[in-house]
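Q: Input file: run.txt. Contents: compact mmCIF, N, CA, C and O atoms.
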# COMPACT_ATOMS: atom_id res chain seq x y z
N TYR M 1 -1.73 -0.71 11.85
CA TYR M 1 -1.31 -0.63 10.47
C TYR M 1 -0.98 0.80 10.03
O TYR M 1 -0.48 1.00 8.94
N LEU M 2 -1.30 1.78 10.86
CA LEU M 2 -1.08 3.17 10.46
C LEU M 2 0.23 3.74 10.98
O LEU M 2 0.43 4.95 10.94
N ASN M 3 1.12 2.91 11.46
CA ASN M 3 2.45 3.34 11.88
C ASN M 3 2.38 4.48 12.90
O ASN M 3 3.09 5.47 12.80
N GLY M 4 1.47 4.35 13.87
CA GLY M 4 1.37 5.32 14.95
C GLY M 4 0.41 6.47 14.69
O GLY M 4 0.16 7.26 15.58
N GLN M 5 -0.13 6.57 13.50
CA GLN M 5 -1.09 7.62 13.20
C GLN M 5 -2.50 7.07 13.40
O GLN M 5 -2.71 5.88 13.46
N GLU M 6 -3.46 7.98 13.50
CA GLU M 6 -4.85 7.55 13.69
C GLU M 6 -5.78 8.31 12.76
O GLU M 6 -5.44 9.37 12.26
N GLY M 7 -6.95 7.76 12.55
CA GLY M 7 -8.00 8.44 11.81
C GLY M 7 -7.81 8.45 10.30
O GLY M 7 -8.44 9.25 9.61
N LEU M 8 -6.96 7.59 9.77
CA LEU M 8 -6.73 7.54 8.33
C LEU M 8 -7.31 6.24 7.76
O LEU M 8 -7.41 5.25 8.47
N PRO M 9 -7.67 6.24 6.47
CA PRO M 9 -8.00 4.96 5.84
C PRO M 9 -6.77 4.05 5.95
O PRO M 9 -5.65 4.52 5.81
N TRP M 10 -6.97 2.77 6.18
CA TRP M 10 -5.82 1.93 6.54
C TRP M 10 -5.49 0.82 5.56
O TRP M 10 -4.67 -0.04 5.84
N CYS M 11 -6.05 0.84 4.36
CA CYS M 11 -5.73 -0.23 3.40
C CYS M 11 -4.25 -0.21 3.02
O CYS M 11 -3.60 -1.25 2.98
N ALA M 12 -3.69 0.96 2.73
CA ALA M 12 -2.28 1.05 2.34
C ALA M 12 -1.36 0.74 3.52
O ALA M 12 -0.30 0.12 3.35
N GLY M 13 -1.75 1.14 4.72
CA GLY M 13 -0.96 0.80 5.91
C GLY M 13 -0.90 -0.71 6.12
O GLY M 13 0.14 -1.25 6.50
N PHE M 14 -2.00 -1.39 5.87
CA PHE M 14 -2.03 -2.85 5.97
C PHE M 14 -1.07 -3.47 4.97
O PHE M 14 -0.31 -4.38 5.29
N VAL M 15 -1.06 -2.96 3.73
CA VAL M 15 -0.15 -3.48 2.71
C VAL M 15 1.30 -3.22 3.13
O VAL M 15 2.15 -4.11 3.01
N SER M 16 1.59 -2.03 3.65
CA SER M 16 2.95 -1.73 4.13
C SER M 16 3.36 -2.71 5.22
O SER M 16 4.47 -3.23 5.22
N TYR M 17 2.46 -2.95 6.15
CA TYR M 17 2.73 -3.89 7.24
C TYR M 17 3.06 -5.28 6.69
O TYR M 17 4.04 -5.91 7.09
N CYS M 18 2.25 -5.75 5.75
CA CYS M 18 2.47 -7.08 5.16
C CYS M 18 3.79 -7.15 4.41
O CYS M 18 4.52 -8.14 4.53
N LEU M 19 4.11 -6.12 3.65
CA LEU M 19 5.36 -6.12 2.89
C LEU M 19 6.57 -6.08 3.82
O LEU M 19 7.57 -6.76 3.58
N LYS M 20 6.49 -5.32 4.90
CA LYS M 20 7.59 -5.29 5.89
C LYS M 20 7.77 -6.68 6.50
O LYS M 20 8.89 -7.16 6.64
N LYS M 21 6.67 -7.32 6.87
CA LYS M 21 6.74 -8.67 7.45
C LYS M 21 7.32 -9.68 6.45
O LYS M 21 7.94 -10.65 6.85
N ALA M 22 7.11 -9.44 5.15
CA ALA M 22 7.62 -10.34 4.11
C ALA M 22 9.07 -10.03 3.75
O ALA M 22 9.65 -10.71 2.91
N GLY M 23 9.66 -9.00 4.38
CA GLY M 23 11.07 -8.71 4.17
C GLY M 23 11.37 -7.65 3.13
O GLY M 23 12.53 -7.44 2.79
N TYR M 24 10.36 -6.97 2.64
CA TYR M 24 10.61 -5.90 1.67
C TYR M 24 11.13 -4.66 2.39
O TYR M 24 10.67 -4.32 3.47
N ASP M 25 12.08 -4.00 1.77
CA ASP M 25 12.66 -2.78 2.31
C ASP M 25 12.05 -1.59 1.58
O ASP M 25 12.59 -1.09 0.61
N LEU M 26 10.87 -1.19 2.03
CA LEU M 26 10.14 -0.07 1.43
C LEU M 26 9.78 0.92 2.52
O LEU M 26 9.65 0.55 3.68
N PRO M 27 9.55 2.18 2.15
CA PRO M 27 9.04 3.12 3.14
C PRO M 27 7.64 2.68 3.58
O PRO M 27 6.95 1.97 2.85
N TYR M 28 7.22 3.12 4.75
CA TYR M 28 5.88 2.81 5.24
C TYR M 28 4.92 3.76 4.54
O TYR M 28 4.94 4.96 4.79
N LEU M 29 4.11 3.25 3.62
CA LEU M 29 3.24 4.08 2.79
C LEU M 29 1.81 4.01 3.30
O LEU M 29 1.30 2.94 3.61
N LEU M 30 1.17 5.17 3.39
CA LEU M 30 -0.20 5.23 3.88
C LEU M 30 -1.21 5.68 2.83
O LEU M 30 -2.37 5.90 3.15
N LYS M 31 -0.76 5.82 1.59
CA LYS M 31 -1.66 6.17 0.49
C LYS M 31 -1.52 5.12 -0.61
O LYS M 31 -0.42 4.83 -1.06
N ALA M 32 -2.64 4.58 -1.04
CA ALA M 32 -2.64 3.49 -2.02
C ALA M 32 -1.90 3.86 -3.30
O ALA M 32 -1.10 3.08 -3.81
N ARG M 33 -2.11 5.05 -3.80
CA ARG M 33 -1.49 5.45 -5.07
C ARG M 33 0.03 5.63 -4.94
O ARG M 33 0.72 5.64 -5.95
N SER M 34 0.54 5.72 -3.73
CA SER M 34 2.00 5.84 -3.53
C SER M 34 2.74 4.62 -4.05
O SER M 34 3.90 4.72 -4.45
N TYR M 35 2.07 3.48 -4.06
CA TYR M 35 2.72 2.24 -4.52
C TYR M 35 3.04 2.27 -6.01
O TYR M 35 3.84 1.49 -6.48
N LEU M 36 2.42 3.17 -6.75
CA LEU M 36 2.72 3.29 -8.18
C LEU M 36 4.17 3.72 -8.38
O LEU M 36 4.76 3.43 -9.41
N LYS M 37 4.76 4.39 -7.39
CA LYS M 37 6.15 4.86 -7.48
C LYS M 37 7.15 3.81 -7.01
O LYS M 37 8.34 3.95 -7.25
N TYR M 38 6.70 2.81 -6.28
CA TYR M 38 7.61 1.84 -5.66
C TYR M 38 7.50 0.45 -6.25
O TYR M 38 7.79 -0.54 -5.61
N GLY M 39 7.04 0.39 -7.47
CA GLY M 39 6.93 -0.89 -8.13
C GLY M 39 6.87 -0.68 -9.62
O GLY M 39 6.95 0.43 -10.13
N ARG M 40 6.69 -1.75 -10.31
CA ARG M 40 6.63 -1.74 -11.77
C ARG M 40 5.23 -2.16 -12.19
O ARG M 40 4.72 -3.19 -11.75
N ARG M 41 4.61 -1.36 -13.03
CA ARG M 41 3.28 -1.72 -13.52
C ARG M 41 3.36 -2.97 -14.38
O ARG M 41 4.30 -3.12 -15.16
N VAL M 42 2.39 -3.84 -14.21
CA VAL M 42 2.32 -5.07 -15.01
C VAL M 42 0.91 -5.21 -15.59
O VAL M 42 -0.06 -4.72 -15.02
N ASN M 43 0.84 -5.87 -16.73
CA ASN M 43 -0.46 -6.10 -17.38
C ASN M 43 -1.04 -7.45 -17.02
O ASN M 43 -2.25 -7.64 -17.10
N GLU M 44 -0.18 -8.40 -16.66
CA GLU M 44 -0.63 -9.73 -16.28
C GLU M 44 -0.24 -9.99 -14.83
O GLU M 44 0.87 -10.45 -14.55
N PRO M 45 -1.13 -9.67 -13.90
CA PRO M 45 -0.79 -9.79 -12.48
C PRO M 45 -0.60 -11.23 -12.04
O PRO M 45 -1.16 -12.15 -12.64
N GLN M 46 0.18 -11.37 -10.98
CA GLN M 46 0.43 -12.67 -10.36
C GLN M 46 0.24 -12.53 -8.86
O GLN M 46 0.20 -11.41 -8.33
N ALA M 47 0.16 -13.66 -8.18
CA ALA M 47 0.07 -13.64 -6.73
C ALA M 47 1.24 -12.83 -6.16
O ALA M 47 2.37 -12.95 -6.63
N GLY M 48 0.94 -11.98 -5.21
CA GLY M 48 1.96 -11.13 -4.59
C GLY M 48 2.00 -9.73 -5.16
O GLY M 48 2.53 -8.81 -4.54
N ASP M 49 1.43 -9.54 -6.35
CA ASP M 49 1.35 -8.20 -6.92
C ASP M 49 0.26 -7.41 -6.21
O ASP M 49 -0.54 -7.97 -5.46
N LEU M 50 0.23 -6.12 -6.46
CA LEU M 50 -0.76 -5.25 -5.84
C LEU M 50 -1.78 -4.79 -6.88
O LEU M 50 -1.46 -4.62 -8.05
N MET M 51 -3.00 -4.60 -6.43
CA MET M 51 -4.10 -4.12 -7.28
C MET M 51 -4.53 -2.78 -6.71
O MET M 51 -4.94 -2.70 -5.55
N ILE M 52 -4.40 -1.71 -7.51
CA ILE M 52 -4.66 -0.36 -7.02
C ILE M 52 -5.90 0.20 -7.72
O ILE M 52 -6.03 0.11 -8.94
N PHE M 53 -6.77 0.82 -6.91
CA PHE M 53 -8.04 1.34 -7.39
C PHE M 53 -8.14 2.84 -7.10
O PHE M 53 -7.55 3.33 -6.15
N SER M 54 -8.98 3.52 -7.88
CA SER M 54 -9.37 4.87 -7.51
C SER M 54 -10.60 4.73 -6.60
O SER M 54 -11.34 3.75 -6.69
N ARG M 55 -10.74 5.67 -5.71
CA ARG M 55 -11.89 5.66 -4.80
C ARG M 55 -12.14 7.10 -4.41
O ARG M 55 -11.20 7.89 -4.33
N GLN M 56 -13.37 7.44 -4.16
CA GLN M 56 -13.70 8.82 -3.79
C GLN M 56 -12.81 9.27 -2.63
O GLN M 56 -12.71 8.58 -1.62
N GLY M 57 -12.10 10.36 -2.84
CA GLY M 57 -11.22 10.88 -1.80
C GLY M 57 -9.81 10.31 -1.86
O GLY M 57 -8.99 10.61 -1.01
N GLY M 58 -9.50 9.45 -2.83
CA GLY M 58 -8.14 8.89 -2.89
C GLY M 58 -8.06 7.59 -3.65
O GLY M 58 -8.42 7.53 -4.82
N GLY M 59 -7.62 6.56 -2.97
CA GLY M 59 -7.44 5.28 -3.63
C GLY M 59 -7.68 4.13 -2.68
O GLY M 59 -8.00 4.32 -1.51
N HIS M 60 -7.49 2.94 -3.20
CA HIS M 60 -7.63 1.71 -2.41
C HIS M 60 -6.64 0.70 -2.99
O HIS M 60 -6.27 0.78 -4.17
N ILE M 61 -6.21 -0.24 -2.17
CA ILE M 61 -5.19 -1.19 -2.60
C ILE M 61 -5.44 -2.56 -1.96
O ILE M 61 -5.94 -2.64 -0.83
N GLY M 62 -5.08 -3.60 -2.69
CA GLY M 62 -5.15 -4.95 -2.17
C GLY M 62 -3.97 -5.77 -2.66
O GLY M 62 -3.33 -5.42 -3.66
N ILE M 63 -3.68 -6.84 -1.96
CA ILE M 63 -2.61 -7.76 -2.34
C ILE M 63 -3.24 -8.93 -3.09
O ILE M 63 -4.19 -9.54 -2.60
N ILE M 64 -2.73 -9.22 -4.26
CA ILE M 64 -3.29 -10.31 -5.06
C ILE M 64 -2.85 -11.65 -4.46
O ILE M 64 -1.67 -11.91 -4.29
N GLU M 65 -3.83 -12.45 -4.11
CA GLU M 65 -3.57 -13.77 -3.54
C GLU M 65 -3.50 -14.83 -4.64
O GLU M 65 -2.66 -15.73 -4.60
N LYS M 66 -4.40 -14.70 -5.64
CA LYS M 66 -4.49 -15.75 -6.65
C LYS M 66 -5.09 -15.18 -7.93
O LYS M 66 -5.96 -14.31 -7.88
N VAL M 67 -4.60 -15.68 -9.07
CA VAL M 67 -5.16 -15.33 -10.37
C VAL M 67 -5.48 -16.63 -11.08
O VAL M 67 -4.62 -17.49 -11.23
N GLN M 68 -6.75 -16.78 -11.49
CA GLN M 68 -7.18 -17.96 -12.24
C GLN M 68 -7.99 -17.46 -13.43
O GLN M 68 -9.16 -17.10 -13.27
N GLY M 69 -7.35 -17.40 -14.59
CA GLY M 69 -8.03 -16.86 -15.77
C GLY M 69 -8.34 -15.39 -15.55
O GLY M 69 -7.46 -14.59 -15.23
N ASP M 70 -9.62 -15.03 -15.67
CA ASP M 70 -10.05 -13.65 -15.46
C ASP M 70 -10.44 -13.35 -14.01
O ASP M 70 -10.83 -12.23 -13.69
N VAL M 71 -10.36 -14.34 -13.14
CA VAL M 71 -10.76 -14.17 -11.74
C VAL M 71 -9.53 -13.86 -10.89
O VAL M 71 -8.54 -14.60 -10.91
N ILE M 72 -9.61 -12.75 -10.16
CA ILE M 72 -8.51 -12.33 -9.29
C ILE M 72 -9.02 -12.30 -7.85
O ILE M 72 -10.06 -11.69 -7.56
N THR M 73 -8.30 -12.96 -6.96
CA THR M 73 -8.63 -12.96 -5.54
C THR M 73 -7.60 -12.10 -4.82
O THR M 73 -6.39 -12.28 -5.02
N THR M 74 -8.08 -11.15 -4.01
CA THR M 74 -7.19 -10.26 -3.27
C THR M 74 -7.45 -10.37 -1.78
O THR M 74 -8.50 -10.85 -1.35
N ILE M 75 -6.48 -9.89 -1.02
CA ILE M 75 -6.64 -9.66 0.41
C ILE M 75 -6.60 -8.15 0.58
O ILE M 75 -5.61 -7.51 0.19
N GLU M 76 -7.66 -7.57 1.12
CA GLU M 76 -7.78 -6.12 1.25
C GLU M 76 -8.16 -5.75 2.67
O GLU M 76 -8.88 -6.48 3.34
N ALA M 77 -7.70 -4.60 3.09
CA ALA M 77 -8.04 -4.06 4.41
C ALA M 77 -8.92 -2.83 4.25
O ALA M 77 -8.97 -2.24 3.17
N ASN M 78 -9.58 -2.46 5.34
CA ASN M 78 -10.46 -1.29 5.35
C ASN M 78 -11.60 -1.50 4.36
O ASN M 78 -11.94 -0.63 3.58
N VAL M 79 -12.20 -2.70 4.42
CA VAL M 79 -13.28 -3.07 3.51
C VAL M 79 -14.58 -3.14 4.30
O VAL M 79 -14.65 -3.74 5.36
N GLY M 80 -15.61 -2.54 3.74
CA GLY M 80 -16.93 -2.61 4.35
C GLY M 80 -17.21 -1.47 5.30
O GLY M 80 -16.39 -0.59 5.50
N LYS M 81 -18.40 -1.53 5.87
CA LYS M 81 -18.84 -0.48 6.79
C LYS M 81 -18.09 -0.59 8.11
O LYS M 81 -17.56 -1.64 8.45
N PHE M 82 -18.08 0.51 8.85
CA PHE M 82 -17.41 0.55 10.15
C PHE M 82 -17.98 -0.52 11.06
O PHE M 82 -19.19 -0.68 11.12
N PRO M 83 -17.20 -1.26 11.78
CA PRO M 83 -15.74 -1.26 11.72
C PRO M 83 -15.26 -2.08 10.53
O PRO M 83 -15.62 -3.25 10.39
N ALA M 84 -14.49 -1.46 9.67
CA ALA M 84 -13.98 -2.13 8.47
C ALA M 84 -13.08 -3.30 8.85
O ALA M 84 -12.53 -3.34 9.94
N LYS M 85 -12.91 -4.22 7.93
CA LYS M 85 -12.17 -5.46 8.21
C LYS M 85 -11.15 -5.76 7.13
O LYS M 85 -11.11 -5.12 6.09
N VAL M 86 -10.34 -6.79 7.39
CA VAL M 86 -9.49 -7.38 6.37
C VAL M 86 -10.33 -8.50 5.76
O VAL M 86 -10.90 -9.32 6.48
N LYS M 87 -10.42 -8.50 4.42
CA LYS M 87 -11.27 -9.49 3.76
C LYS M 87 -10.62 -10.02 2.50
O LYS M 87 -9.83 -9.35 1.87
N ARG M 88 -11.02 -11.21 2.14
CA ARG M 88 -10.68 -11.79 0.83
C ARG M 88 -11.78 -11.31 -0.12
O ARG M 88 -12.96 -11.45 0.17
N VAL M 89 -11.36 -10.74 -1.25
CA VAL M 89 -12.31 -10.21 -2.24
C VAL M 89 -12.04 -10.91 -3.57
O VAL M 89 -10.89 -11.05 -3.98
N ILE M 90 -13.10 -11.34 -4.24
CA ILE M 90 -12.98 -12.03 -5.52
C ILE M 90 -13.55 -11.15 -6.62
O ILE M 90 -14.70 -10.71 -6.54
N TYR M 91 -12.72 -10.87 -7.61
CA TYR M 91 -13.12 -10.06 -8.77
C TYR M 91 -13.25 -10.99 -9.97
O TYR M 91 -12.26 -11.56 -10.41
N LYS M 92 -14.47 -11.11 -10.49
CA LYS M 92 -14.70 -11.97 -11.65
C LYS M 92 -14.50 -11.20 -12.95
O LYS M 92 -14.36 -11.79 -14.01
N HIS M 93 -14.51 -9.89 -12.85
CA HIS M 93 -14.27 -9.01 -14.00
C HIS M 93 -13.42 -7.85 -13.50
O HIS M 93 -13.46 -7.49 -12.33
N GLN M 94 -12.69 -7.24 -14.38
CA GLN M 94 -11.84 -6.11 -14.01
C GLN M 94 -12.73 -4.95 -13.57
O GLN M 94 -13.62 -4.52 -14.31
N PRO M 95 -12.52 -4.43 -12.36
CA PRO M 95 -13.36 -3.33 -11.88
C PRO M 95 -13.13 -2.05 -12.69
O PRO M 95 -12.03 -1.79 -13.15
N LYS M 96 -14.18 -1.25 -12.84
CA LYS M 96 -14.10 0.00 -13.60
C LYS M 96 -13.14 0.99 -12.96
O LYS M 96 -12.55 1.80 -13.65
N ASN M 97 -13.00 0.95 -11.65
CA ASN M 97 -12.15 1.92 -10.95
C ASN M 97 -10.71 1.43 -10.78
O ASN M 97 -9.94 2.02 -10.03
N LEU M 98 -10.32 0.39 -11.50
CA LEU M 98 -8.96 -0.14 -11.41
C LEU M 98 -7.97 0.85 -12.03
O LEU M 98 -8.15 1.30 -13.16
N ILE M 99 -6.94 1.21 -11.28
CA ILE M 99 -5.86 2.05 -11.81
C ILE M 99 -4.82 1.15 -12.47
O ILE M 99 -4.32 1.45 -13.54
N GLY M 100 -4.48 0.05 -11.80
CA GLY M 100 -3.52 -0.87 -12.40
C GLY M 100 -2.97 -1.87 -11.41
O GLY M 100 -3.32 -1.88 -10.23
N PHE M 101 -2.09 -2.72 -11.93
CA PHE M 101 -1.42 -3.75 -11.14
C PHE M 101 0.04 -3.36 -11.00
O PHE M 101 0.65 -2.88 -11.95
N VAL M 102 0.60 -3.60 -9.83
CA VAL M 102 1.99 -3.23 -9.55
C VAL M 102 2.72 -4.42 -8.96
O VAL M 102 2.24 -5.05 -8.03
N LYS M 103 3.89 -4.71 -9.53
CA LYS M 103 4.79 -5.71 -8.95
C LYS M 103 5.76 -4.95 -8.07
O LYS M 103 6.50 -4.08 -8.55
N VAL M 104 5.76 -5.24 -6.80
CA VAL M 104 6.62 -4.53 -5.84
C VAL M 104 8.05 -5.04 -5.97
O VAL M 104 8.28 -6.24 -6.09
N GLU M 105 8.97 -4.12 -5.98
CA GLU M 105 10.38 -4.47 -6.07
C GLU M 105 11.07 -3.98 -4.80
O GLU M 105 10.73 -2.94 -4.27
N ARG M 106 12.03 -4.76 -4.36
CA ARG M 106 12.77 -4.37 -3.16
C ARG M 106 13.66 -3.17 -3.46
O ARG M 106 14.24 -3.09 -4.50
N ILE M 107 13.73 -2.27 -2.50
CA ILE M 107 14.62 -1.12 -2.62
C ILE M 107 15.90 -1.46 -1.86
O ILE M 107 15.86 -1.80 -0.69
N LYS M 108 17.00 -1.41 -2.53
CA LYS M 108 18.28 -1.77 -1.89
C LYS M 108 18.97 -0.53 -1.36
O LYS M 108 18.89 0.52 -1.88
As structure tokens, what does this structure read like?
A:
Amino acid sequence: YLNGQEGLPWCAGFVSYCLKKAGYDLPYLLKARSYLKYGRRVNEPQAGDLMIFSRQGGGHIGIIEKVQGDVITTIEANVGKFPAKVKRVIYKHQPKNLIGFVKVERIK
């Protein structure tokens, strides 16, 4: 997921990999906050949007799988203790470290 690099947090690389596989024409991004420049912020997220967080030393990102009322389910990478994994995460309340939601748009 790190596009040939090693030793980096890999949540954003995982999202880049997934977006490339889904046919999006975006640069390969390795920093979660970089996605703020390649999409449109939204207040009401939907499946397929991105959820971006602040985290000590940088950021974190997940792909929204499902929204049901106030409950948001994401698919996130680099989650948990080493060796980190790809996991489904359920948020019943908006996390305090949430930066925002981004709808990814194709770059032509």
Q: Can you tell me which residues surround M:Ala12 at a distance of at most 8 Å, considering all atoms listed in the file, apart from same-chain residues fewer than 4 positions away, and format the answer as a list in words?
A: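 Listed by chain and then number, they are Tyr1, Leu2, Ser16, Tyr17, Cys18, Leu19, Pro27, Tyr28, Leu29, Leu30, Lys31, Ala32, Arg33, Gly59, His60, Ile61, Gly62, Ala77 and Asn78 of chain M.
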Q: Name all residues at most 6 Å from stretch 92-98 of chain M (count only N, CA, C and O atoms; drop same-chain ones fewer than 4 positions away) and give them as a compact mmCIF listing (two decimals) with N, CA, C and O atoms, in the frame of the given file.
A:
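Just written: result.txt:
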# COMPACT_ATOMS: atom_id res chain seq x y z
N ILE M 52 -4.40 -1.71 -7.51
CA ILE M 52 -4.66 -0.36 -7.02
C ILE M 52 -5.90 0.20 -7.72
O ILE M 52 -6.03 0.11 -8.94
N PHE M 53 -6.77 0.82 -6.91
CA PHE M 53 -8.04 1.34 -7.39
C PHE M 53 -8.14 2.84 -7.10
O PHE M 53 -7.55 3.33 -6.15
N SER M 54 -8.98 3.52 -7.88
CA SER M 54 -9.37 4.87 -7.51
C SER M 54 -10.60 4.73 -6.60
O SER M 54 -11.34 3.75 -6.69
N ARG M 55 -10.74 5.67 -5.71
CA ARG M 55 -11.89 5.66 -4.80
C ARG M 55 -12.14 7.10 -4.41
O ARG M 55 -11.20 7.89 -4.33
N ASP M 70 -9.62 -15.03 -15.67
CA ASP M 70 -10.05 -13.65 -15.46
C ASP M 70 -10.44 -13.35 -14.01
O ASP M 70 -10.83 -12.23 -13.69
N VAL M 71 -10.36 -14.34 -13.14
CA VAL M 71 -10.76 -14.17 -11.74
C VAL M 71 -9.53 -13.86 -10.89
O VAL M 71 -8.54 -14.60 -10.91
N ILE M 72 -9.61 -12.75 -10.16
CA ILE M 72 -8.51 -12.33 -9.29
C ILE M 72 -9.02 -12.30 -7.85
O ILE M 72 -10.06 -11.69 -7.56
Q: Can you tell me which residues surround M:Pro45 at a distance of at most 8 Å, considering only N, CA, C and O atoms, apart from same-chain residues fewer than 5 positions away, and format the answer as a ChimeraX atom specification?
A: /M:50,64,66-69,71,101-103
Q: Take the residues from that selection and write them out as a CSV table (one decimal), in the coordinates of the input, keeping N, CA, C and O atoms.
A:
chain,number,residue,atom,x,y,z
M,50,LEU,N,0.2,-6.1,-6.5
M,50,LEU,CA,-0.8,-5.2,-5.8
M,50,LEU,C,-1.8,-4.8,-6.9
M,50,LEU,O,-1.5,-4.6,-8.0
M,64,ILE,N,-2.7,-9.2,-4.3
M,64,ILE,CA,-3.3,-10.3,-5.1
M,64,ILE,C,-2.8,-11.6,-4.5
M,64,ILE,O,-1.7,-11.9,-4.3
M,66,LYS,N,-4.4,-14.7,-5.6
M,66,LYS,CA,-4.5,-15.8,-6.6
M,66,LYS,C,-5.1,-15.2,-7.9
M,66,LYS,O,-6.0,-14.3,-7.9
M,67,VAL,N,-4.6,-15.7,-9.1
M,67,VAL,CA,-5.2,-15.3,-10.4
M,67,VAL,C,-5.5,-16.6,-11.1
M,67,VAL,O,-4.6,-17.5,-11.2
M,68,GLN,N,-6.8,-16.8,-11.5
M,68,GLN,CA,-7.2,-18.0,-12.2
M,68,GLN,C,-8.0,-17.5,-13.4
M,68,GLN,O,-9.2,-17.1,-13.3
M,69,GLY,N,-7.4,-17.4,-14.6
M,69,GLY,CA,-8.0,-16.9,-15.8
M,69,GLY,C,-8.3,-15.4,-15.6
M,69,GLY,O,-7.5,-14.6,-15.2
M,71,VAL,N,-10.4,-14.3,-13.1
M,71,VAL,CA,-10.8,-14.2,-11.7
M,71,VAL,C,-9.5,-13.9,-10.9
M,71,VAL,O,-8.5,-14.6,-10.9
M,101,PHE,N,-2.1,-2.7,-11.9
M,101,PHE,CA,-1.4,-3.8,-11.1
M,101,PHE,C,0.0,-3.4,-11.0
M,101,PHE,O,0.6,-2.9,-12.0
M,102,VAL,N,0.6,-3.6,-9.8
M,102,VAL,CA,2.0,-3.2,-9.6
M,102,VAL,C,2.7,-4.4,-9.0
M,102,VAL,O,2.2,-5.0,-8.0
M,103,LYS,N,3.9,-4.7,-9.5
M,103,LYS,CA,4.8,-5.7,-9.0
M,103,LYS,C,5.8,-5.0,-8.1
M,103,LYS,O,6.5,-4.1,-8.6
Q: Kindly give the distance, in Å, that separates atom CA of M:Thr73 and atom CA of M:Ala47, rounded to a single decimal.
A: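 Calculated distance between atom CA of M:Thr73 and atom CA of M:Ala47 is 8.8 Å.
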Q: Extract the full set of alpha helix (DSSP H) residues from chain M according to DSSP on the backbone, and format it as a count of residues only.
A: 11
Q: In Å to one decimal, how far is atom CA of M:Glu105 from atom O of M:Met51?
A: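 These two atoms are separated by 15.4 Å.
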Q: What is the distance between atom C of M:Leu26 and atom CA of M:Ala84, in Å to one decimal?
A: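 Straight-line distance from atom C of M:Leu26 to atom CA of M:Ala84 works out to 24.7 Å.
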Q: Which residues come within 6 Å of M:Lys87, counting all atoms listed in the file, excluding same-chain residues fewer than 3 positions away, as a list of chain:residue names?
A: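 Once the nearby chain positions are removed, what remains is M:Thr74, M:Ile75, M:Glu76, M:Ala77.
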Q: Can you tell me, as a ChimeraX atom specification, which residues in chain M count as strand (DSSP E or B) by DSSP?
A: /M:39-42,50-55,58-68,71-79,85-91,98-104
Q: With distances taken over only C-alpha atoms, which of M:Gly39, M:Gly80, M:Pro9, M:Gly23 is nearest to M:Gly58?
A: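 Nearest candidate to M:Gly58 out of M:Gly39, M:Gly80, M:Pro9, M:Gly23: M:Pro9.
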Q: Between M:Ile63, M:Tyr24, M:Val86, M:Leu36, single out the one closest to M:Gly48, counting only C-alpha atoms.
A: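 Answer, going by the shortest atom-to-atom distance: M:Ile63.
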Q: Considering all atoms listed in the file, state which residue in the set M:Lys20, M:Val42, M:Asp49, M:Val79 is at the smallest distance from M:Ile99.
A: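 Smallest distance to M:Ile99 is found for M:Val42.
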